[in-house]
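So this block is protein29.txt, compact mmCIF, C-alpha atoms and all ligand atoms:
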```txt
# COMPACT_ATOMS: atom_id res chain seq x y z
CA MET L 1 -81.43 59.33 -119.74
CA GLY L 2 -81.40 58.00 -123.29
CA PHE L 3 -78.80 58.51 -125.95
CA SER L 4 -79.87 59.43 -129.43
CA ARG L 5 -78.20 57.74 -132.36
CA THR L 6 -76.44 60.95 -133.25
CA SER L 7 -74.96 61.35 -129.80
CA VAL L 8 -73.69 57.76 -129.86
CA LEU L 9 -72.19 58.42 -133.28
CA ALA L 10 -70.63 61.67 -132.06
CA PHE L 11 -69.17 59.86 -129.08
CA PHE L 12 -67.69 57.18 -131.30
CA LEU L 13 -66.16 59.76 -133.63
CA LEU L 14 -64.70 61.57 -130.67
CA LEU L 15 -63.15 58.35 -129.40
CA VAL L 16 -61.55 57.73 -132.78
CA LEU L 17 -60.22 61.27 -132.68
CA VAL L 18 -58.79 60.98 -129.20
CA LEU L 19 -56.99 57.76 -130.16
CA PHE L 20 -55.46 59.40 -133.21
CA VAL L 21 -54.54 62.70 -131.62
CA ALA L 22 -53.15 60.95 -128.56
CA ASN L 23 -49.77 60.38 -130.19
CA GLY L 24 -49.25 64.16 -130.20
CA GLN L 25 -49.48 64.63 -133.93
CA PRO L 26 -52.35 66.53 -135.53
CA LEU L 27 -54.51 64.36 -137.78
CA VAL L 28 -53.43 66.34 -140.81
CA PRO L 29 -50.20 68.28 -141.33
CA ALA L 30 -51.74 71.61 -142.26
CA LEU L 31 -54.89 73.64 -142.57
CA PHE L 32 -55.63 76.25 -145.22
CA LEU L 33 -58.51 78.68 -145.05
CA PHE L 34 -60.04 80.77 -147.81
CA GLY L 35 -63.04 83.05 -148.00
CA ASP L 36 -64.73 85.65 -145.82
CA SER L 37 -65.17 86.94 -142.27
CA VAL L 38 -66.44 83.59 -141.00
CA VAL L 39 -62.81 82.39 -141.18
CA ASP L 40 -60.69 85.59 -141.50
CA VAL L 41 -58.18 85.73 -138.63
CA GLY L 42 -56.73 89.13 -139.46
CA ASN L 43 -55.78 89.50 -143.12
CA ASN L 44 -57.96 92.60 -143.32
CA ASN L 45 -55.79 94.23 -140.62
CA HIS L 46 -53.12 94.56 -143.28
CA ILE L 47 -55.07 96.03 -146.19
CA HIS L 48 -56.89 99.30 -146.88
CA THR L 49 -60.50 98.46 -146.17
CA ILE L 50 -63.06 99.70 -143.67
CA ILE L 51 -64.10 96.10 -142.97
CA LYS L 52 -61.98 95.38 -139.92
CA ALA L 53 -62.30 93.93 -136.44
CA ASN L 54 -58.91 94.64 -134.90
CA PHE L 55 -60.08 96.87 -132.08
CA PRO L 56 -62.04 96.34 -128.85
CA PRO L 57 -64.48 94.93 -128.02
CA TYR L 58 -63.57 92.35 -130.70
CA GLY L 59 -61.46 89.62 -129.11
CA ARG L 60 -62.38 90.67 -125.57
CA ASP L 61 -62.92 87.09 -124.37
CA PHE L 62 -59.50 85.80 -125.35
CA THR L 63 -57.27 85.28 -122.30
CA LYS L 64 -55.26 88.32 -123.33
CA HIS L 65 -58.44 90.24 -124.30
CA GLU L 66 -56.73 90.94 -127.58
CA PRO L 67 -58.49 91.92 -130.80
CA THR L 68 -56.92 89.86 -133.59
CA GLY L 69 -59.06 90.81 -136.56
CA ARG L 70 -61.46 87.91 -135.96
CA PHE L 71 -65.09 89.05 -136.22
CA CYS L 72 -65.92 87.62 -132.82
CA ASN L 73 -65.47 88.12 -129.09
CA GLY L 74 -63.22 85.05 -129.13
CA LYS L 75 -62.61 81.96 -131.22
CA LEU L 76 -64.06 81.15 -134.61
CA ALA L 77 -65.68 77.80 -135.34
CA THR L 78 -62.61 76.86 -137.38
CA ASP L 79 -60.33 77.67 -134.41
CA PHE L 80 -62.22 75.08 -132.36
CA THR L 81 -62.07 72.66 -135.27
CA ALA L 82 -58.29 73.12 -135.55
CA GLU L 83 -57.95 72.31 -131.84
CA VAL L 84 -60.00 69.13 -132.21
CA ILE L 85 -57.83 67.98 -135.12
CA GLY L 86 -54.84 68.36 -132.81
CA PHE L 87 -53.30 71.72 -133.67
CA THR L 88 -51.72 73.56 -130.76
CA SER L 89 -51.62 76.85 -132.65
CA TYR L 90 -53.72 78.26 -135.48
CA PRO L 91 -52.55 78.78 -139.03
CA LEU L 92 -51.67 82.48 -139.25
CA ALA L 93 -53.19 85.22 -141.36
CA TYR L 94 -51.01 85.06 -144.47
CA LEU L 95 -50.55 88.84 -144.61
CA SER L 96 -49.38 89.08 -141.01
CA GLY L 97 -45.63 89.54 -140.64
CA ARG L 98 -45.43 86.34 -138.57
CA ALA L 99 -46.54 84.06 -141.40
CA ARG L 100 -43.09 82.99 -142.50
CA GLY L 101 -40.41 80.36 -141.93
CA SER L 102 -41.46 77.31 -139.95
CA ASN L 103 -44.76 79.00 -138.99
CA LEU L 104 -45.89 78.19 -142.53
CA LEU L 105 -45.63 74.44 -141.99
CA ILE L 106 -49.05 74.12 -140.32
CA GLY L 107 -50.75 75.99 -143.17
CA ALA L 108 -52.00 79.51 -143.55
CA ASN L 109 -55.16 81.56 -143.61
CA PHE L 110 -55.95 83.61 -146.73
CA ALA L 111 -59.50 84.67 -145.88
CA SER L 112 -60.64 88.27 -146.00
CA ALA L 113 -63.82 89.69 -144.48
CA SER L 114 -66.36 90.85 -147.10
CA SER L 115 -64.86 88.65 -149.76
CA GLY L 116 -67.03 86.20 -151.68
CA TYR L 117 -67.33 83.92 -154.67
CA TYR L 118 -68.05 86.97 -156.78
CA ASP L 119 -64.86 89.04 -157.09
CA ASP L 120 -66.90 92.24 -157.43
CA THR L 121 -68.20 91.78 -153.87
CA ALA L 122 -64.67 91.83 -152.48
CA ASN L 123 -63.78 94.76 -154.73
CA LEU L 124 -66.75 96.80 -153.44
CA TYR L 125 -65.27 96.63 -149.93
CA ASP L 126 -61.58 96.61 -150.87
CA ALA L 127 -61.31 93.08 -149.51
CA ILE L 128 -59.19 90.31 -151.02
CA PRO L 129 -61.05 88.46 -153.80
CA LEU L 130 -60.84 84.66 -153.91
CA SER L 131 -58.82 84.90 -157.10
CA ARG L 132 -56.11 86.87 -155.28
CA GLN L 133 -56.32 84.57 -152.23
CA LEU L 134 -55.42 81.77 -154.63
CA GLU L 135 -52.43 83.75 -155.92
CA TYR L 136 -51.25 84.19 -152.35
CA TYR L 137 -51.63 80.44 -151.87
CA ARG L 138 -49.45 79.84 -154.94
CA GLU L 139 -46.85 82.18 -153.44
CA TYR L 140 -47.17 80.26 -150.16
CA GLN L 141 -46.33 77.01 -151.95
CA ASN L 142 -43.05 78.45 -153.23
CA LYS L 143 -42.19 79.63 -149.73
CA VAL L 144 -42.94 76.30 -148.09
CA VAL L 145 -40.79 74.46 -150.63
CA LYS L 146 -37.90 76.69 -149.53
CA VAL L 147 -38.61 76.03 -145.85
CA ALA L 148 -39.31 72.28 -145.92
CA GLY L 149 -37.92 70.95 -149.17
CA ARG L 150 -39.89 69.81 -152.17
CA SER L 151 -40.88 66.38 -150.92
CA ASN L 152 -42.04 67.53 -147.46
CA ALA L 153 -43.88 70.43 -149.06
CA SER L 154 -45.75 68.18 -151.42
CA SER L 155 -47.06 65.98 -148.61
CA ILE L 156 -48.11 69.07 -146.66
CA ILE L 157 -50.00 70.25 -149.72
CA SER L 158 -51.72 66.97 -150.57
CA ASP L 159 -52.59 65.84 -147.02
CA ALA L 160 -53.79 69.18 -145.68
CA ILE L 161 -57.40 70.18 -145.17
CA TYR L 162 -58.60 73.16 -147.19
CA LEU L 163 -61.63 75.04 -145.98
CA VAL L 164 -63.61 77.53 -148.04
CA SER L 165 -66.26 79.81 -146.55
CA ALA L 166 -67.93 82.30 -148.85
CA GLY L 167 -71.25 83.50 -150.21
CA SER L 168 -72.78 85.39 -147.27
CA SER L 169 -71.25 88.70 -148.33
CA ASP L 170 -72.19 88.06 -151.96
CA PHE L 171 -75.83 87.99 -150.91
CA LEU L 172 -76.14 90.33 -147.92
CA GLN L 173 -73.52 92.93 -148.80
CA ASN L 174 -74.07 92.83 -152.52
CA TYR L 175 -76.98 91.06 -154.27
CA TYR L 176 -79.83 92.06 -151.95
CA ILE L 177 -78.74 95.69 -151.66
CA ASN L 178 -77.48 96.21 -155.19
CA PRO L 179 -80.13 97.08 -157.82
CA LEU L 180 -77.55 96.48 -160.55
CA LEU L 181 -77.61 92.84 -159.51
CA TYR L 182 -81.09 92.05 -158.25
CA GLU L 183 -82.84 93.85 -161.06
CA HIS L 184 -80.82 91.91 -163.62
CA PHE L 185 -80.49 88.46 -162.10
CA THR L 186 -82.98 86.23 -160.36
CA LEU L 187 -81.72 84.56 -157.22
CA ASP L 188 -81.25 81.37 -159.22
CA GLN L 189 -79.21 83.14 -161.86
CA PHE L 190 -77.05 84.91 -159.33
CA SER L 191 -76.51 81.61 -157.46
CA ASP L 192 -75.39 80.04 -160.72
CA ILE L 193 -72.86 82.85 -161.25
CA LEU L 194 -71.48 82.25 -157.75
CA LEU L 195 -71.34 78.50 -158.30
CA GLN L 196 -69.49 78.95 -161.57
CA SER L 197 -66.88 80.91 -159.66
CA PHE L 198 -66.87 78.27 -156.90
CA THR L 199 -66.27 75.54 -159.51
CA ASN L 200 -63.45 77.52 -161.00
CA PHE L 201 -61.88 78.03 -157.59
CA ILE L 202 -62.07 74.34 -156.66
CA GLN L 203 -60.59 73.27 -160.01
CA LYS L 204 -57.66 75.62 -159.53
CA LEU L 205 -57.10 74.54 -155.94
CA TYR L 206 -57.18 70.91 -157.10
CA ALA L 207 -54.70 71.69 -159.86
CA LEU L 208 -52.41 73.15 -157.19
CA GLY L 209 -52.53 69.86 -155.29
CA ALA L 210 -55.41 70.12 -152.80
CA ARG L 211 -57.24 66.81 -152.26
CA ARG L 212 -59.26 67.35 -149.08
CA ILE L 213 -61.55 70.33 -149.36
CA GLY L 214 -64.39 71.38 -147.09
CA VAL L 215 -66.86 74.07 -148.05
CA THR L 216 -69.25 75.72 -145.63
CA THR L 217 -72.89 76.22 -146.56
CA LEU L 218 -74.54 79.59 -146.23
CA PRO L 219 -75.89 80.24 -142.73
CA PRO L 220 -79.59 81.11 -142.29
CA LEU L 221 -78.99 84.60 -143.71
CA GLY L 222 -82.46 85.80 -142.74
CA CYS L 223 -81.78 85.17 -139.03
CA LEU L 224 -78.65 87.32 -138.76
CA PRO L 225 -79.56 90.31 -136.52
CA THR L 226 -78.58 92.95 -139.08
CA ALA L 227 -80.50 91.15 -141.82
CA ILE L 228 -83.66 91.16 -139.67
CA THR L 229 -83.21 94.88 -139.00
CA VAL L 230 -82.53 95.80 -142.62
CA PHE L 231 -84.81 93.39 -144.49
CA GLY L 232 -87.38 92.41 -141.85
CA LEU L 233 -89.89 95.25 -142.41
CA GLY L 234 -90.11 95.92 -138.67
CA SER L 235 -90.61 92.30 -137.65
CA ASN L 236 -88.30 90.58 -135.19
CA GLU L 237 -88.58 87.20 -136.88
CA CYS L 238 -86.11 85.62 -139.29
CA VAL L 239 -86.64 86.91 -142.82
CA GLU L 240 -88.07 83.89 -144.63
CA ARG L 241 -87.21 85.20 -148.08
CA LEU L 242 -83.50 85.33 -147.23
CA ASN L 243 -83.54 81.91 -145.59
CA ARG L 244 -85.25 80.38 -148.61
CA GLY L 245 -82.56 81.94 -150.79
CA ALA L 246 -79.83 80.43 -148.61
CA VAL L 247 -81.46 76.98 -148.63
CA SER L 248 -81.78 77.10 -152.39
CA PHE L 249 -78.13 78.14 -152.81
CA ASN L 250 -76.99 75.42 -150.40
CA TYR L 251 -78.89 72.80 -152.34
CA LYS L 252 -77.14 73.82 -155.54
CA LEU L 253 -73.80 74.04 -153.74
CA ASN L 254 -74.24 70.45 -152.61
CA ALA L 255 -75.06 69.24 -156.12
CA THR L 256 -72.17 71.20 -157.63
CA SER L 257 -69.77 69.81 -155.02
CA GLN L 258 -70.82 66.24 -155.73
CA GLY L 259 -70.33 66.86 -159.45
CA LEU L 260 -66.82 68.18 -158.83
CA GLN L 261 -65.93 65.28 -156.58
CA ASN L 262 -67.07 62.85 -159.28
CA ASN L 263 -65.04 64.58 -161.96
CA LEU L 264 -61.77 65.19 -160.16
CA PRO L 265 -60.01 61.91 -159.30
CA GLY L 266 -58.83 61.57 -155.71
CA LEU L 267 -60.68 64.68 -154.54
CA LYS L 268 -62.72 64.63 -151.35
CA LEU L 269 -65.04 67.61 -151.30
CA VAL L 270 -67.32 67.75 -148.29
CA LEU L 271 -70.02 70.23 -147.35
CA PHE L 272 -69.78 71.67 -143.84
CA ASP L 273 -73.35 72.48 -142.94
CA ILE L 274 -73.57 75.57 -140.75
CA TYR L 275 -77.18 76.34 -141.71
CA GLN L 276 -78.87 73.70 -139.57
CA PRO L 277 -76.88 74.12 -136.35
CA LEU L 278 -77.11 77.93 -136.42
CA TYR L 279 -80.82 77.81 -137.25
CA GLU L 280 -81.28 75.40 -134.36
CA LEU L 281 -79.65 77.92 -131.98
CA VAL L 282 -81.87 80.72 -133.24
CA ILE L 283 -85.08 78.70 -132.95
CA ASN L 284 -84.38 76.66 -129.81
CA THR L 285 -82.18 79.26 -128.11
CA THR L 286 -82.68 78.41 -124.44
CA LYS L 287 -82.48 74.66 -125.00
CA HIS L 288 -78.77 75.13 -125.71
CA GLY L 289 -78.01 77.48 -122.83
CA PHE L 290 -78.38 80.78 -124.69
CA PHE L 291 -80.79 83.58 -123.81
CA GLU L 292 -80.83 85.89 -126.80
CA ALA L 293 -80.81 85.29 -130.54
CA ARG L 294 -82.57 88.34 -132.01
CA LYS L 295 -80.06 90.88 -130.72
CA ALA L 296 -76.31 90.57 -130.92
CA CYS L 297 -74.10 91.33 -127.94
CA CYS L 298 -72.28 94.31 -129.41
CA GLY L 299 -74.01 97.71 -129.12
CA THR L 300 -77.78 97.72 -129.56
CA GLY L 301 -77.32 94.35 -131.22
CA LEU L 302 -79.57 95.31 -134.10
CA LEU L 303 -77.04 96.55 -136.64
CA GLU L 304 -73.48 97.05 -135.39
CA THR L 305 -70.68 95.23 -137.19
CA SER L 306 -67.07 96.08 -137.92
CA ILE L 307 -66.28 99.78 -137.25
CA LEU L 308 -69.79 100.34 -135.85
CA CYS L 309 -69.06 97.76 -133.16
CA ASN L 310 -66.42 99.54 -131.11
CA ARG L 311 -65.46 100.66 -127.65
CA GLU L 312 -67.98 103.53 -127.75
CA SER L 313 -70.93 101.36 -128.82
CA VAL L 314 -73.71 101.83 -126.31
CA GLY L 315 -75.39 98.78 -124.82
CA THR L 316 -72.79 96.07 -125.40
CA CYS L 317 -73.71 93.05 -123.28
CA ALA L 318 -71.71 91.85 -120.30
CA ASN L 319 -71.70 88.14 -121.06
CA ALA L 320 -71.45 87.21 -124.74
CA SER L 321 -71.94 83.52 -123.91
CA GLU L 322 -75.63 84.23 -123.42
CA TYR L 323 -75.89 85.52 -126.99
CA VAL L 324 -76.01 83.49 -130.18
CA PHE L 325 -74.58 86.48 -132.07
CA TRP L 326 -71.62 88.59 -131.16
CA ASP L 327 -72.23 91.34 -133.72
CA GLY L 328 -74.89 91.98 -136.34
CA PHE L 329 -73.50 89.36 -138.73
CA HIS L 330 -71.35 86.98 -136.70
CA PRO L 331 -71.92 84.26 -134.10
CA SER L 332 -70.44 84.58 -130.61
CA GLU L 333 -67.59 82.34 -129.49
CA ALA L 334 -70.09 80.21 -127.57
CA ALA L 335 -72.18 79.73 -130.71
CA ASN L 336 -69.01 79.01 -132.71
CA SER L 337 -68.15 76.26 -130.25
CA PHE L 338 -71.59 74.72 -130.85
CA LEU L 339 -71.15 75.04 -134.62
CA SER L 340 -67.74 73.38 -134.53
CA ASP L 341 -69.23 70.34 -132.77
CA SER L 342 -71.36 69.69 -135.78
CA LEU L 343 -68.44 70.32 -138.16
CA ILE L 344 -66.37 67.55 -136.60
CA SER L 345 -68.06 64.68 -138.38
CA SER L 346 -67.73 66.48 -141.75
CA GLY L 347 -64.09 67.11 -140.90
CA LEU L 348 -63.49 63.46 -140.10
CA SER L 349 -65.03 62.32 -143.34
CA LEU L 350 -62.39 64.40 -145.09
CA ILE L 351 -59.62 62.64 -143.19
CA PHE L 352 -60.68 58.99 -143.17
C1 LIG I 401 -38.48 66.91 -144.12
O1 LIG I 401 -39.12 66.48 -142.94
C2 LIG I 401 -38.33 65.62 -142.13
C3 LIG I 401 -39.20 65.09 -141.02
O2 LIG I 401 -39.85 66.13 -140.36
C4 LIG I 401 -37.11 66.39 -141.65
O3 LIG I 401 -36.29 65.56 -140.86
C5 LIG I 401 -36.33 66.91 -142.86
O4 LIG I 401 -35.27 67.73 -142.42
C6 LIG I 401 -37.23 67.72 -143.79
N1 LIG I 401 -36.52 68.06 -145.00
C7 LIG I 401 -36.11 69.30 -145.28
C8 LIG I 401 -35.40 69.49 -146.59
O5 LIG I 401 -36.33 70.25 -144.54
C1 LIG I 402 -76.02 66.84 -149.77
O1 LIG I 402 -76.79 65.94 -150.51
C2 LIG I 402 -76.78 64.59 -150.01
C3 LIG I 402 -77.65 63.72 -150.91
O2 LIG I 402 -77.45 64.00 -152.23
C4 LIG I 402 -77.32 64.56 -148.60
O3 LIG I 402 -77.21 63.25 -148.08
C5 LIG I 402 -76.54 65.52 -147.73
O4 LIG I 402 -77.13 65.58 -146.44
C6 LIG I 402 -76.54 66.91 -148.33
N1 LIG I 402 -75.71 67.76 -147.52
C7 LIG I 402 -76.14 68.87 -146.96
C8 LIG I 402 -75.19 69.61 -146.07
O5 LIG I 402 -77.26 69.31 -147.15
C1 LIG I 403 -86.47 72.79 -131.90
O1 LIG I 403 -87.03 72.02 -130.87
C2 LIG I 403 -88.22 71.32 -131.24
C3 LIG I 403 -88.76 70.66 -129.99
O2 LIG I 403 -87.77 69.93 -129.32
C4 LIG I 403 -87.88 70.35 -132.35
O3 LIG I 403 -89.06 69.68 -132.79
C5 LIG I 403 -87.28 71.09 -133.54
O4 LIG I 403 -86.84 70.18 -134.54
C6 LIG I 403 -86.05 71.89 -133.05
N1 LIG I 403 -85.35 72.59 -134.12
C7 LIG I 403 -85.89 73.48 -134.97
C8 LIG I 403 -84.96 74.12 -135.93
O5 LIG I 403 -87.06 73.76 -134.99
C1 LIG I 404 -72.09 83.75 -118.91
O1 LIG I 404 -73.20 83.03 -119.43
C2 LIG I 404 -72.96 81.63 -119.52
C3 LIG I 404 -74.14 81.02 -120.25
O2 LIG I 404 -75.33 81.30 -119.61
C4 LIG I 404 -72.76 81.07 -118.12
O3 LIG I 404 -72.49 79.69 -118.19
C5 LIG I 404 -71.58 81.79 -117.46
O4 LIG I 404 -71.45 81.37 -116.13
C6 LIG I 404 -71.77 83.31 -117.49
N1 LIG I 404 -70.55 83.94 -117.04
C7 LIG I 404 -70.55 84.89 -116.11
C8 LIG I 404 -69.22 85.48 -115.76
O5 LIG I 404 -71.57 85.26 -115.56
```

Can you present the structure in this file as structure tokens?
Amino acid sequence: MGFSRTSVLAFFLLLVLVLFVANGQPLVPALFLFGDSVVDVGNNNHIHTIIKANFPPYGRDFTKHEPTGRFCNGKLATDFTAEVIGFTSYPLAYLSGRARGSNLLIGANFASASSGYYDDTANLYDAIPLSRQLEYYREYQNKVVKVAGRSNASSIISDAIYLVSAGSSDFLQNYYINPLLYEHFTLDQFSDILLQSFTNFIQKLYALGARRIGVTTLPPLGCLPTAITVFGLGSNECVERLNRGAVSFNYKLNATSQGLQNNLPGLKLVLFDIYQPLYELVINTTKHGFFEARKACCGTGLLETSILCNRESVGTCANASEYVFWDGFHPSEAANSFLSDSLISSGLSLIF
């Protein structure tokens, strides 16, 4: 059996990690998450929106079978990533009552399902726009100063990892279904609007003290089960048009990120690529131990997400680990575990 260069590299990185985590301290003091349902751990439970996931069968594969508000049967990719970095518990949803006192010291999660770079997307679904997530983060900073003192707080803020995941809802739940947008803006123009908002967000986060920021790429939007059903014109294949759009956005996101990193002294801004690993699972499904990538586990697997994926949904699969997707838009825990493996090296480049 031969080892590819990437697996040797991955092994080496893992060794470095184990050595650092071995002293019982996480590699970074705190983790902050912003954005959409890819990273939301339950903020939407606490606001008036229909975009929620705090009921069964969501969360059914946690040991306590408890729905948390995560859009998954279990852990998110960022939950796995937090574990690898050495966290023994996850930063809490900021709006949950438990996010206070010493619980704040490991960071907090501000993400809200159906939010995006474009504040109007969040507003359409009564989710929390990025601009308001940033206000909550500012409020968080004041709280953590009270809990830990100014000097401890400032090292938490500057050494933490910040992760931003957005854009999918801007395209799938807004641009592509909203004539007011797609009849007025080309994909390029709309991408530029999103990237302007992304730039703005990063500059503000930097001004508030963030120095290690990761941003996820768009996934292969055209391969998400609901996207195939809605935009696939009856085909069961990934919708090329949507994938091309995602690739083009990701390319610009990369260029914009490098520009920001060059202009903001001391900032590390790294892209976390989720496009390639998720596309790999969809195309080479069985090679990675999965059996189904067209249909999601929940319900018929063709459409159901959020309130449509519930206890009464007919057809929900028995073993979500065989499925790349848990619901019409979101990867299963097993797929998230695979995704997090490929996020580790990006994560490490933020730390070292
Ligand atoms: C700052 O952190 C140190 C080390 O964890 C701790 O001993 C100290 O009490 C903290 N300061 C305040 C004001 O909480
Ligand atoms: C971003 O661009 C650089 C080259 O400019 C490339 O090496 C890197 O792989 C790109 N990242 C992603 C996630 O595409
Ligand atoms: C899928 O597997 C084939 C054969 O091993 C490989 O050539 C290809 O790069 C893999 N990934 C994708 C996304 O096609
Ligand atoms: C579920 O599927 C996974 C992947 O094929 C397999 O490893 C696991 O044993 C299955 N679990 C059960 C309870 O059948």

Sorted by chain and rising residue number, which residues of chain L lie within 9 Å of ligand LIG 402 (chain I), and what are their closest atom pairs and distances in Å to one decimal, counting all atoms listed in the file, as a Markdown table?
```
| residue | atom | partner | partner_atom | distance |
| --- | --- | --- | --- | --- |
| L:Thr216 | CA | I:LIG402 | C8 | 8.5 |
| L:Thr217 | CA | I:LIG402 | C8 | 7.0 |
| L:Val247 | CA | I:LIG402 | O5 | 8.9 |
| L:Asn250 | CA | I:LIG402 | O5 | 6.9 |
| L:Tyr251 | CA | I:LIG402 | O5 | 6.5 |
| L:Leu253 | CA | I:LIG402 | C1 | 8.5 |
| L:Asn254 | CA | I:LIG402 | C1 | 4.9 |
| L:Ala255 | CA | I:LIG402 | O1 | 6.7 |
| L:Ser257 | CA | I:LIG402 | C1 | 8.7 |
| L:Gln258 | CA | I:LIG402 | O2 | 7.8 |
| L:Val270 | CA | I:LIG402 | C8 | 8.4 |
| L:Leu271 | CA | I:LIG402 | C8 | 5.4 |
| L:Phe272 | CA | I:LIG402 | C8 | 6.2 |
| L:Asp273 | CA | I:LIG402 | C8 | 4.6 |
| L:Ile274 | CA | I:LIG402 | C8 | 8.2 |
| L:Tyr275 | CA | I:LIG402 | C8 | 8.3 |
| L:Gln276 | CA | I:LIG402 | C8 | 8.5 |
```

Practice problem: Would you list the residues that come within 7 Å of ligand LIG 403 (chain I)? Count only C-alpha atoms and all ligand atoms and give the answer as a list of chain:residue names. | Solution: L:Tyr279, L:Glu280, L:Ile283, L:Asn284

Would you write out, as JSON lines, a table of all residues in chain L that have an atom no more than 10 Å from an atom of ligand LIG 404 (chain I), listing for each the closest atom pair and the distance in Å to one decimal, considering only C-alpha atoms and all ligand atoms and ordering rows by chain and rising residue number?
```
{"residue": "L:Thr286", "atom": "CA", "partner": "I:LIG404", "partner_atom": "O2", "distance": 9.3}
{"residue": "L:His288", "atom": "CA", "partner": "I:LIG404", "partner_atom": "C3", "distance": 9.3}
{"residue": "L:Gly289", "atom": "CA", "partner": "I:LIG404", "partner_atom": "O2", "distance": 5.7}
{"residue": "L:Phe290", "atom": "CA", "partner": "I:LIG404", "partner_atom": "O2", "distance": 5.9}
{"residue": "L:Phe291", "atom": "CA", "partner": "I:LIG404", "partner_atom": "O2", "distance": 7.3}
{"residue": "L:Ala318", "atom": "CA", "partner": "I:LIG404", "partner_atom": "O5", "distance": 8.1}
{"residue": "L:Asn319", "atom": "CA", "partner": "I:LIG404", "partner_atom": "C1", "distance": 4.9}
{"residue": "L:Ala320", "atom": "CA", "partner": "I:LIG404", "partner_atom": "C1", "distance": 6.8}
{"residue": "L:Ser321", "atom": "CA", "partner": "I:LIG404", "partner_atom": "O1", "distance": 4.7}
{"residue": "L:Glu322", "atom": "CA", "partner": "I:LIG404", "partner_atom": "C3", "distance": 4.8}
{"residue": "L:Tyr323", "atom": "CA", "partner": "I:LIG404", "partner_atom": "C3", "distance": 8.3}
{"residue": "L:Ala334", "atom": "CA", "partner": "I:LIG404", "partner_atom": "C3", "distance": 8.4}
```

Exercise. Can you pull out every residue within 9 Å of Pro331 (chain L), counting all atoms listed in the file, but drop anything in the same chain fewer than 6 positions away, and send it as a PyMOL selection string?
Key: chain L and resi 38+71-72+76+224+278+296+323-325

Self-check item: Gln133 (chain L) surroundings by only C-alpha atoms, 9 Å radius, close-in-sequence under 6 positions cut, as a list of chain:residue names
Solution: L:Phe34, L:Gly35, L:Phe110, L:Ala111, L:Ser112

Output file for the selection above: C-alpha atoms, as a CSV table (one decimal), in the frame of the given file:
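Writing the result to again30.csv gives the following:
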```
chain,number,residue,atom,x,y,z
L,34,PHE,CA,-60.0,80.8,-147.8
L,35,GLY,CA,-63.0,83.0,-148.0
L,110,PHE,CA,-56.0,83.6,-146.7
L,111,ALA,CA,-59.5,84.7,-145.9
L,112,SER,CA,-60.6,88.3,-146.0
```

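With distances restricted to all atoms listed in the file, L:Ala148 is the closest residue to ligand LIG 401 (chain I) from L:Ala148, L:Leu104, L:Gly42, L:Lys64.
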
Exercise. May I ask you to write as number ranges by chain all residues lying at most 12 Å from ligand LIG 401 (chain I), with all atoms listed in the file counted?
Key: L: 25, 29, 101-102, 105, 144-156

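Proximity ranking of L:Cys298, L:Cys309, L:Leu95, L:Cys223 relative to Leu281 (chain L) places L:Cys223 first, based on all atoms listed in the file.
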
Self-check item: Point-to-point distance in Å for CA of Ser89 (chain L) and CA of Arg212 (chain L)
Solution: 20.5 Å

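Taking only C-alpha atoms into account, the protein, DNA and RNA residues within 8 Å of (-58.7, 63.4, -146.0) read Val28, Asp159, Ala160, Ile161, Arg211, Arg212, Lys268, Leu348, Ser349, Leu350, Ile351 and Phe352 of chain L.
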